[in-house]
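Participant: Structure file target28.txt (compact mmCIF, C-alpha atoms) is given on the next line.
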# COMPACT_ATOMS: atom_id res chain seq x y z
CA MET F 54 243.81 203.26 112.65
CA ARG F 55 240.44 204.32 111.31
CA ARG F 56 240.48 207.15 108.74
CA ARG F 57 237.68 209.70 109.04
CA GLY F 58 235.48 210.03 105.90
CA SER F 59 236.45 206.64 104.48
CA PHE F 60 232.76 205.69 104.20
CA LEU F 61 232.05 208.81 102.13
CA VAL F 62 234.94 208.00 99.75
CA GLU F 63 233.71 204.41 99.37
CA ALA F 64 230.20 205.60 98.64
CA ILE F 65 231.41 208.18 96.08
CA VAL F 66 233.61 205.61 94.31
CA SER F 67 230.83 203.03 94.18
CA MET F 68 228.32 205.62 92.94
CA LEU F 69 230.79 206.63 90.23
CA ILE F 70 231.14 203.01 89.09
CA PHE F 71 227.37 202.61 89.15
CA THR F 72 226.86 205.87 87.21
CA VAL F 73 229.32 204.75 84.52
CA GLY F 74 227.40 201.47 84.19
CA LEU F 75 224.06 203.27 84.06
CA LEU F 76 225.34 205.72 81.44
CA ALA F 77 226.60 202.84 79.29
CA LEU F 78 223.24 201.12 79.61
CA ALA F 79 221.32 204.33 78.86
CA LEU F 80 223.44 204.88 75.75
CA SER F 81 222.85 201.33 74.55
CA LEU F 82 219.10 201.70 75.19
CA THR F 83 219.01 205.00 73.22
CA PHE F 84 220.91 203.34 70.40
CA GLY F 85 218.53 200.36 70.54
CA ALA F 86 215.48 202.63 70.53
CA ARG F 87 216.82 204.46 67.45
CA ILE F 88 217.38 201.10 65.70
CA ILE F 89 213.81 200.01 66.59
CA ILE F 90 212.35 203.29 65.20
CA ASP F 91 214.39 202.86 61.98
CA ALA F 92 213.32 199.20 61.82
CA GLY F 93 209.66 200.30 62.02
CA GLN F 94 210.12 202.64 59.06
CA ASN F 95 212.02 199.95 57.15
CA THR F 96 209.28 197.39 57.84
CA ILE F 97 206.73 199.71 56.18
CA LYS F 98 209.05 200.10 53.18
CA GLU F 99 209.69 196.33 53.11
CA GLN F 100 205.96 195.62 53.05
CA LYS F 101 205.49 198.07 50.20
CA LEU F 102 208.40 196.38 48.41
CA ALA F 103 206.86 192.92 48.92
CA ASN F 104 203.58 194.18 47.42
CA LEU F 105 205.21 195.32 44.17
CA PRO F 106 206.02 191.90 42.64
CA GLU F 107 202.58 190.70 43.81
CA GLU F 108 200.88 193.59 41.97
CA TYR F 109 203.03 192.93 38.92
CA LEU F 110 202.29 189.18 38.84
CA MET F 111 198.57 189.75 39.37
CA ASP F 112 198.44 192.30 36.55
CA ARG F 113 200.40 189.94 34.32
CA ASN F 114 198.08 187.05 35.12
CA MET F 115 195.06 189.14 34.18
CA ARG F 116 196.67 189.98 30.83
CA ILE F 117 198.20 186.54 30.24
CA ASP F 118 196.46 186.11 26.88
CA VAL F 119 198.78 188.39 24.93
CA THR F 120 196.81 187.63 21.75
CA SER F 121 193.64 189.12 23.22
CA SER F 122 192.64 192.65 22.23
CA HIS F 123 191.69 193.21 25.89
CA SER F 124 195.24 192.56 26.96
CA GLY F 125 196.07 196.27 27.26
CA THR F 126 199.32 197.76 28.49
CA PRO F 127 200.87 195.67 31.24
CA ILE F 128 202.75 197.03 34.26
CA SER F 129 206.48 197.16 33.63
CA PRO F 130 208.55 196.28 36.71
CA ILE F 131 211.05 199.00 35.90
CA ASN F 132 208.34 201.67 36.29
CA GLN F 133 207.26 200.41 39.71
CA LYS F 134 208.29 202.65 42.58
CA ILE F 135 207.66 202.92 46.30
CA GLU F 136 206.14 206.05 47.76
CA HIS F 137 207.42 206.75 51.24
CA ASN F 138 207.00 210.03 53.14
CA GLY F 139 206.09 211.75 49.87
CA GLU F 140 209.22 210.45 48.16
CA GLN F 141 209.32 208.11 45.15
CA ILE F 142 211.96 205.45 45.69
CA ASP F 143 213.41 203.40 42.81
CA VAL F 144 213.56 199.78 43.89
CA VAL F 145 213.58 197.76 40.67
CA THR F 146 216.70 197.01 38.65
CA ASN F 147 217.00 195.17 35.35
CA ILE F 148 219.73 192.64 36.11
CA GLY F 149 220.14 191.37 32.57
CA ASP F 150 218.94 188.82 30.08
CA SER F 151 219.53 185.11 29.74
CA SER F 152 217.87 182.12 28.16
CA LEU F 153 215.96 179.16 29.46
CA LEU F 154 216.22 175.91 27.50
CA ILE F 155 212.99 173.89 27.64
CA GLY F 156 213.02 170.79 25.49
CA ASN F 157 214.78 171.94 22.34
CA SER F 158 213.45 175.50 22.48
CA SER F 159 215.21 178.43 24.02
CA LEU F 160 213.20 181.13 25.74
CA LEU F 161 214.83 184.54 26.10
CA ILE F 162 214.16 186.12 29.47
CA THR F 163 214.80 189.44 31.22
CA LYS F 164 215.32 189.46 34.98
CA PHE F 165 214.32 192.16 37.45
CA ARG F 166 215.40 192.61 41.04
CA TYR F 167 213.23 194.29 43.72
CA LYS F 168 215.42 195.63 46.51
CA LEU F 169 215.37 198.66 48.82
CA PRO F 170 218.42 200.94 48.75
CA ILE F 171 219.28 199.96 52.35
CA LYS F 172 221.42 197.27 53.92
CA ARG F 173 219.95 193.93 55.04
CA THR F 174 216.74 194.15 53.05
CA SER F 175 214.47 191.59 51.43
CA THR F 176 215.14 190.88 47.78
CA PHE F 177 212.68 189.54 45.22
CA TYR F 178 213.06 188.69 41.56
CA VAL F 179 210.69 188.32 38.63
CA ILE F 180 211.28 187.03 35.13
CA GLU F 181 209.77 188.45 31.98
CA ARG F 182 209.81 187.17 28.42
CA LYS F 183 212.17 189.19 26.27
CA PRO F 184 210.31 190.20 23.11
CA MET C 29 228.66 196.36 119.07
CA SER C 30 228.97 200.08 118.43
CA LYS C 31 228.82 201.64 114.95
CA THR C 32 232.49 202.56 115.10
CA SER C 33 233.66 199.07 116.00
CA PHE C 34 231.50 197.54 113.17
CA ARG C 35 233.16 199.87 110.61
CA MET C 36 236.58 199.03 112.02
CA LYS C 37 235.94 195.27 111.73
CA HIS C 38 234.29 195.35 108.27
CA ARG C 39 236.23 197.95 106.36
CA GLY C 40 234.98 198.33 102.77
CA ALA C 41 231.71 196.53 103.48
CA SER C 42 229.58 199.50 102.42
CA LEU C 43 231.56 199.87 99.17
CA LEU C 44 231.15 196.17 98.49
CA MET C 45 227.42 196.28 99.22
CA ILE C 46 226.78 199.29 96.97
CA VAL C 47 228.90 197.85 94.15
CA LEU C 48 227.18 194.46 94.46
CA SER C 49 223.68 195.95 94.44
CA GLY C 50 224.66 198.16 91.46
CA PHE C 51 226.00 195.11 89.68
CA LEU C 52 222.76 193.24 90.39
CA ILE C 53 220.60 196.05 89.00
CA LEU C 54 222.80 196.43 85.91
CA SER C 55 222.75 192.64 85.39
CA MET C 56 218.96 192.60 85.50
CA LEU C 57 218.67 195.48 83.04
CA SER C 58 221.25 193.83 80.75
CA ALA C 59 219.34 190.53 80.92
CA ILE C 60 216.18 192.34 79.78
CA ALA C 61 218.12 194.01 76.92
CA ILE C 62 219.67 190.66 75.87
CA ASN C 63 216.25 188.98 75.97
CA VAL C 64 214.75 191.69 73.71
CA ALA C 65 217.71 191.41 71.31
CA SER C 66 217.34 187.62 71.20
CA GLN C 67 213.61 187.88 70.42
CA ILE C 68 214.35 190.39 67.63
CA THR C 69 216.94 187.98 66.20
CA HIS C 70 214.43 185.10 66.24
CA ASN C 71 211.90 187.34 64.52
CA GLU C 72 214.46 188.29 61.85
CA ILE C 73 215.24 184.60 61.17
CA TRP C 74 211.52 183.82 60.85
CA ARG C 75 211.03 186.81 58.51
CA GLY C 76 214.08 185.74 56.46
CA LYS C 77 212.51 182.30 55.89
CA GLY C 78 209.23 183.96 54.82
CA THR C 79 211.10 186.22 52.43
CA MET C 80 212.86 183.24 50.84
CA THR C 81 209.50 181.48 50.33
CA SER C 82 208.03 184.61 48.70
CA ARG C 83 211.12 185.00 46.52
CA LEU C 84 210.86 181.38 45.32
CA THR C 85 207.12 181.76 44.69
CA HIS C 86 207.65 184.94 42.64
CA ILE C 87 210.37 183.32 40.56
CA ALA C 88 208.29 180.19 39.96
CA ARG C 89 205.13 182.19 39.13
CA SER C 90 206.89 184.62 36.80
CA THR C 91 208.70 181.77 35.04
CA ALA C 92 205.42 179.88 34.61
CA SER C 93 203.78 183.09 33.31
CA THR C 94 206.62 183.55 30.84
CA VAL C 95 206.25 179.99 29.54
CA ALA C 96 202.43 180.25 29.48
CA GLU C 97 202.59 183.52 27.49
CA ALA C 98 204.91 181.86 24.95
CA ILE C 99 202.49 178.89 24.59
CA ILE C 100 199.45 181.18 24.25
CA LEU C 101 201.25 183.29 21.63
CA GLU C 102 202.61 180.30 19.73
CA PRO C 103 201.17 176.94 20.91
CA GLU C 104 203.90 174.85 19.25
CA TYR C 105 206.78 177.00 20.57
CA PHE C 106 208.09 174.20 22.81
CA GLY C 107 207.11 171.32 20.56
CA ASP C 108 204.22 169.90 18.56
CA ALA C 109 201.05 168.38 20.05
CA ALA C 110 202.65 164.93 20.41
CA ALA C 111 205.71 166.32 22.22
CA ILE C 112 203.56 168.34 24.63
CA GLU C 113 201.41 165.28 25.30
CA ASN C 114 204.52 163.29 26.24
CA GLY C 115 205.87 166.21 28.25
CA VAL C 116 208.61 168.72 27.55
CA PHE C 117 211.17 169.32 30.31
CA SER C 118 214.04 171.57 31.21
CA GLU C 119 217.14 170.72 33.21
CA LYS C 120 217.58 172.46 36.54
CA THR C 121 218.77 175.84 35.23
CA THR C 122 220.24 178.81 37.08
CA VAL C 123 218.04 181.82 36.36
CA ILE C 124 219.22 184.18 39.10
CA ASP C 125 222.88 184.53 39.97
CA ASP C 126 223.08 187.95 41.56
CA PRO C 127 226.58 188.99 42.63
CA GLU C 128 225.20 192.00 44.54
CA THR C 129 223.13 189.91 46.94
CA GLY C 130 224.81 186.51 46.52
CA ILE C 131 221.40 184.96 45.79
CA LEU C 132 221.34 181.98 43.46
CA ASN C 133 218.07 180.52 42.19
CA GLU C 134 217.45 177.61 39.88
CA VAL C 135 214.29 176.52 38.12
CA GLU C 136 212.96 173.34 36.59
CA VAL C 137 210.14 173.52 34.03
CA LYS C 138 207.75 170.83 32.85
CA ILE C 139 205.11 171.35 30.14
CA GLN C 140 202.51 168.68 29.57
CA GLY C 141 198.98 168.49 28.26
CA VAL C 142 196.84 168.67 25.17
CA LEU C 143 197.47 171.74 23.06
CA SER C 144 193.87 171.87 21.88
CA SER C 145 192.37 171.84 25.38
CA VAL C 146 194.51 172.10 28.53
CA VAL C 147 198.24 172.54 29.05
CA PHE C 148 199.95 172.34 32.45
CA VAL C 149 203.12 174.31 33.10
CA THR C 150 204.85 173.22 36.29
CA VAL C 151 207.78 175.26 37.57
CA THR C 152 209.84 174.47 40.65
CA ALA C 153 212.19 177.16 41.94
CA TYR C 154 215.12 176.26 44.20
CA GLU C 155 217.30 178.21 46.63
CA GLN C 156 219.79 176.39 48.86
CA ASP C 157 217.84 173.42 50.23
CA LYS C 158 214.41 175.07 49.85
CA TYR C 159 212.07 174.81 46.90
CA ARG C 160 208.66 176.01 45.83
CA GLY C 161 206.55 174.76 42.96
CA VAL C 162 203.64 176.27 41.07
CA THR C 163 201.43 174.87 38.34
CA ALA C 164 199.70 176.97 35.73
CA ARG C 165 196.78 175.26 34.03
CA ILE C 166 196.19 176.99 30.70
CA ASP C 167 192.70 176.66 29.27
CA MET C 168 193.48 176.71 25.56
CA LYS C 169 189.79 176.62 24.57
CA ALA C 170 188.75 179.75 26.46
CA THR C 171 188.65 183.18 24.84
CA PRO C 172 190.65 185.01 26.07
CA LYS C 173 192.80 182.16 27.34
CA THR C 174 192.86 181.84 31.11
CA VAL C 175 195.26 180.35 33.62
CA ARG C 176 194.37 178.68 36.88
CA TRP C 177 197.14 178.56 39.47
CA SER C 178 198.00 176.05 42.13
CA ILE C 179 200.94 175.88 44.48
CA LYS C 180 203.06 172.96 45.67
CA LYS C 181 204.71 173.51 49.08
Is it possible to give me this structure as structure tokens?
Facilitator:
Amino acid sequence: MRRRGSFLVEAIVSMLIFTVGLLALALSLTFGARIIIDAGQNTIKEQKLANLPEEYLMDRNMRIDVTSSHSGTPISPINQKIEHNGEQIDVVTNIGDSSLLIGNSSLLITKFRYKLPIKRTSTFYVIERKP
Amino acid sequence: MSKTSFRMKHRGASLLMIVLSGFLILSMLSAIAINVASQITHNEIWRGKGTMTSRLTHIARSTASTVAEAIILEPEYFGDAAAIENGVFSEKTTVIDDPETGILNEVEVKIQGVLSSVVFVTVTAYEQDKYRGVTARIDMKATPKTVRWSIKK
């Protein structure tokens, strides 16, 4: 026996299922869009981070003759910061000293790490001679 | 065939059709989302490789700078003129062992040249199976002393 209104019930049930699927997809798209916006901001910070060791190495190369009176005051990695949205972000950490044995001579070195205070970020290192 | 008899014979057909078309639309949208995610992942892998290359270059360059500064400050720091002419080497040494990031970098240093004219400092930095080498050519006769850089891929 045919039940009256069965088509309406079928349509409502199927639309409900479809709406649940669409809502799930919309939520995932919103979440994805937020991640992409954050990623854009992080990419700008990452690029600024990548520039810091470059600036430091270039400055150091220009002052490589430490005996020269024109040597001046070099950039110290520890003072390098990133400016983002008017904020100064600390990104350089002194990660300790060690020595490098070349031939029979030992060279004392200090190591610095460049890293943003966020997860899954690029990391760079530079080495400086410990006075 | 009347409308009523079609519904009687194919009960649930409309539900099935709507669910199937909904499934098709959702599948297509999901496929687009998966494709975008996959492209982002590929991009991240490519960027990761670039970051590793930059990291190795920075370590090699800063190590070479450190050695060059020591030579400029005290030319016989790593050995006398004869030793430098024959070449002074280091073993492959771990310089970065960072527990916070799990990154481990090693370097190898070679110093060779003539202390009174030109000294070459070659540093190769290693991470996993990748390496990057730089050479600093120190002009010992120039005032102030200058360094010319070259890179080995």
Participant: Using all atoms listed in the file, give me every residue within 10 Å of (204.1, 172.5, 45.9) in file coordinates, as a CSV table (one decimal) with C-alpha atoms, keeping the file's coordinate frame.
Facilitator:
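As a result, result-v2.csv now contains:
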chain,number,residue,atom,x,y,z
C,85,THR,CA,207.1,181.8,44.7
C,150,THR,CA,204.8,173.2,36.3
C,151,VAL,CA,207.8,175.3,37.6
C,152,THR,CA,209.8,174.5,40.6
C,159,TYR,CA,212.1,174.8,46.9
C,160,ARG,CA,208.7,176.0,45.8
C,161,GLY,CA,206.6,174.8,43.0
C,162,VAL,CA,203.6,176.3,41.1
C,163,THR,CA,201.4,174.9,38.3
C,178,SER,CA,198.0,176.0,42.1
C,179,ILE,CA,200.9,175.9,44.5
C,180,LYS,CA,203.1,173.0,45.7
C,181,LYS,CA,204.7,173.5,49.1
Participant: Go through C:Ile139, C:Met56, C:Ile100, C:Val95 and flag the residue nearest Asn114 of chain C, using all atoms listed in the file for the distances.
Facilitator: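 When distances to Asn114 of chain C are compared using all atoms listed in the file, the smallest one comes from C:Ile139.
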Participant: Mind listing whatever residues come within 12 Å of the point (198.4, 192.1, 36.6)? Use all atoms listed in the file, file coordinates, and give them as a count of residues only.
Facilitator: 23
Participant: For each of F:Glu99, F:Asp91, F:Glu181, F:Glu63, take the minimum atom-to-atom distance to Ile135 of chain F, counting only C-alpha atoms, then give the residue where this is smallest.
Facilitator: F:Glu99
Participant: Between chain F and chain C, at 7 Å or less, what are the per-residue closest atom pairs and their distances in Å? Count all atoms listed in the file, order by chain and rising residue number, and return it as a Markdown table.
Facilitator:
| residue | atom | partner | partner_atom | distance |
| --- | --- | --- | --- | --- |
| F:Arg55 | CA | C:Met36 | CA | 6.6 |
| F:Glu63 | CA | C:Leu43 | CA | 5.0 |
| F:Ala64 | CA | C:Leu43 | CA | 5.9 |
| F:Ser67 | CA | C:Val47 | CA | 5.5 |
| F:Phe71 | CA | C:Gly50 | CA | 5.7 |
| F:Leu110 | CA | C:Ser90 | CA | 6.8 |
| F:Ile117 | CA | C:Glu97 | CA | 6.0 |
| F:Asp118 | CA | C:Lys173 | CA | 5.4 |
| F:Val119 | CA | C:Leu101 | CA | 6.6 |
| F:Thr120 | CA | C:Leu101 | CA | 6.2 |
| F:Ser121 | CA | C:Pro172 | CA | 5.8 |
| F:Leu154 | CA | C:Ser118 | CA | 6.1 |
| F:Ile155 | CA | C:Ser118 | CA | 4.4 |
| F:Gly156 | CA | C:Val116 | CA | 5.3 |
| F:Ser158 | CA | C:Phe106 | CA | 5.5 |
| F:Ser175 | CA | C:Thr79 | CA | 6.4 |
| F:Phe177 | CA | C:Arg83 | CA | 5.0 |
| F:Tyr178 | CA | C:Ile87 | CA | 6.1 |
| F:Val179 | CA | C:Ile87 | CA | 5.4 |
| F:Ile180 | CA | C:Ser90 | CA | 5.3 |
| F:Glu181 | CA | C:Thr94 | CA | 5.9 |
| F:Arg182 | CA | C:Thr94 | CA | 5.4 |
Participant: Please, what distance in Å, to one decimal, runs between atom CA of Pro127 of chain C and atom CA of Asn157 of chain F?
Facilitator: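 Taking atom CA of Pro127 of chain C as the start and atom CA of Asn157 of chain F as the end point, the length is 29.0 Å.
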Participant: Interatomic distance between atom CA of Ile131 of chain F and atom CA of Lys164 of chain F?
Facilitator: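 Spanning atom CA of Ile131 of chain F to atom CA of Lys164 of chain F is a straight-line distance of 10.5 Å.
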Participant: Would you compute the distance between atom CA of Glu134 of chain C and atom CA of Glu155 of chain C? Give it in Å to one decimal.
Facilitator: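 So the answer is 6.8 Å.
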Participant: In terms of the shortest atom-to-atom distance over only C-alpha atoms, which of C:Leu52, C:Ala164, C:Ala170, C:Ile62 is closest to Gly141 of chain C?
Facilitator: C:Ala164
Participant: Starting from the block above, write segment 72-176 of chain F out to a file with C-alpha atoms, as a CSV table (one decimal), in the first residue's frame, please.
Facilitator:
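Result went into out10.csv, see below:
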chain,number,residue,atom,x,y,z
F,72,THR,CA,23.1,19.7,4.5
F,73,VAL,CA,25.2,17.8,7.0
F,74,GLY,CA,27.8,17.1,4.3
F,75,LEU,CA,27.8,20.7,3.1
F,76,LEU,CA,28.2,22.0,6.6
F,77,ALA,CA,31.1,19.7,7.2
F,78,LEU,CA,32.7,20.9,3.9
F,79,ALA,CA,32.0,24.6,4.7
F,80,LEU,CA,33.6,24.1,8.1
F,81,SER,CA,36.7,22.5,6.6
F,82,LEU,CA,36.9,25.2,4.0
F,83,THR,CA,36.7,28.0,6.7
F,84,PHE,CA,39.4,26.2,8.7
F,85,GLY,CA,41.5,25.8,5.5
F,86,ALA,CA,41.0,29.5,4.7
F,87,ARG,CA,42.1,30.5,8.2
F,88,ILE,CA,45.2,28.3,7.9
F,89,ILE,CA,46.0,29.9,4.5
F,90,ILE,CA,45.7,33.4,6.0
F,91,ASP,CA,48.0,32.4,8.9
F,92,ALA,CA,50.4,30.8,6.4
F,93,GLY,CA,50.6,34.1,4.5
F,94,GLN,CA,51.5,36.0,7.6
F,95,ASN,CA,54.0,33.3,8.6
F,96,THR,CA,55.6,33.4,5.1
F,97,ILE,CA,56.3,37.1,5.5
F,98,LYS,CA,57.9,36.4,8.9
F,99,GLU,CA,59.8,33.5,7.5
F,100,GLN,CA,61.2,35.7,4.7
F,101,LYS,CA,62.3,38.3,7.2
F,102,LEU,CA,63.9,35.5,9.3
F,103,ALA,CA,65.8,34.2,6.2
F,104,ASN,CA,67.1,37.7,5.6
F,105,LEU,CA,68.6,38.1,9.0
F,106,PRO,CA,71.5,35.6,8.7
F,107,GLU,CA,72.1,37.0,5.2
F,108,GLU,CA,72.4,40.5,6.5
F,109,TYR,CA,74.7,39.3,9.3
F,110,LEU,CA,77.0,37.3,7.0
F,111,MET,CA,77.2,40.2,4.5
F,112,ASP,CA,78.1,42.7,7.3
F,113,ARG,CA,80.7,40.2,8.7
F,114,ASN,CA,82.2,39.8,5.2
F,115,MET,CA,82.6,43.5,4.8
F,116,ARG,CA,84.4,43.7,8.2
F,117,ILE,CA,86.3,40.5,7.8
F,118,ASP,CA,89.7,42.2,8.3
F,119,VAL,CA,89.4,42.5,12.1
F,120,THR,CA,92.8,44.2,12.2
F,121,SER,CA,91.6,47.1,10.0
F,122,SER,CA,90.7,50.3,11.7
F,123,HIS,CA,87.8,50.5,9.3
F,124,SER,CA,86.4,47.3,10.7
F,125,GLY,CA,83.9,49.2,13.0
F,126,THR,CA,81.3,47.5,15.2
F,127,PRO,CA,79.8,44.4,13.6
F,128,ILE,CA,76.2,43.3,13.8
F,129,SER,CA,75.7,40.9,16.7
F,130,PRO,CA,73.2,38.1,15.9
F,131,ILE,CA,71.7,38.3,19.4
F,132,ASN,CA,70.6,41.9,18.7
F,133,GLN,CA,68.9,41.0,15.4
F,134,LYS,CA,65.1,41.1,15.6
F,135,ILE,CA,62.1,40.9,13.3
F,136,GLU,CA,59.6,43.7,13.0
F,137,HIS,CA,56.2,42.5,12.3
F,138,ASN,CA,52.9,44.5,12.6
F,139,GLY,CA,54.8,47.1,14.7
F,140,GLU,CA,56.1,44.4,17.1
F,141,GLN,CA,59.8,43.4,17.6
F,142,ILE,CA,60.1,39.7,17.7
F,143,ASP,CA,63.2,37.9,19.2
F,144,VAL,CA,64.3,35.2,16.9
F,145,VAL,CA,67.9,34.6,17.7
F,146,THR,CA,69.2,32.3,20.5
F,147,ASN,CA,72.7,31.7,21.6
F,148,ILE,CA,72.8,27.9,21.7
F,149,GLY,CA,76.2,27.6,23.3
F,150,ASP,CA,79.9,27.3,22.7
F,151,SER,CA,82.1,24.5,21.4
F,152,SER,CA,85.4,24.1,19.6
F,153,LEU,CA,86.5,23.1,16.2
F,154,LEU,CA,89.8,21.3,15.8
F,155,ILE,CA,91.6,22.2,12.6
F,156,GLY,CA,95.0,20.6,12.2
F,157,ASN,CA,96.4,20.8,15.7
F,158,SER,CA,94.7,24.1,16.6
F,159,SER,CA,91.4,24.5,18.3
F,160,LEU,CA,89.1,27.3,17.4
F,161,LEU,CA,86.5,28.3,20.0
F,162,ILE,CA,83.1,29.0,18.5
F,163,THR,CA,79.7,30.4,19.6
F,164,LYS,CA,76.6,29.2,17.9
F,165,PHE,CA,73.4,31.1,17.2
F,166,ARG,CA,70.0,29.8,16.1
F,167,TYR,CA,67.5,31.8,14.0
F,168,LYS,CA,64.0,30.5,14.6
F,169,LEU,CA,60.5,32.0,14.8
F,170,PRO,CA,58.5,31.4,18.0
F,171,ILE,CA,56.0,29.3,16.0
F,172,LYS,CA,55.7,25.6,15.2
F,173,ARG,CA,57.0,24.2,11.9
F,174,THR,CA,59.3,27.1,11.0
F,175,SER,CA,62.6,27.3,9.1
F,176,THR,CA,65.7,27.2,11.3
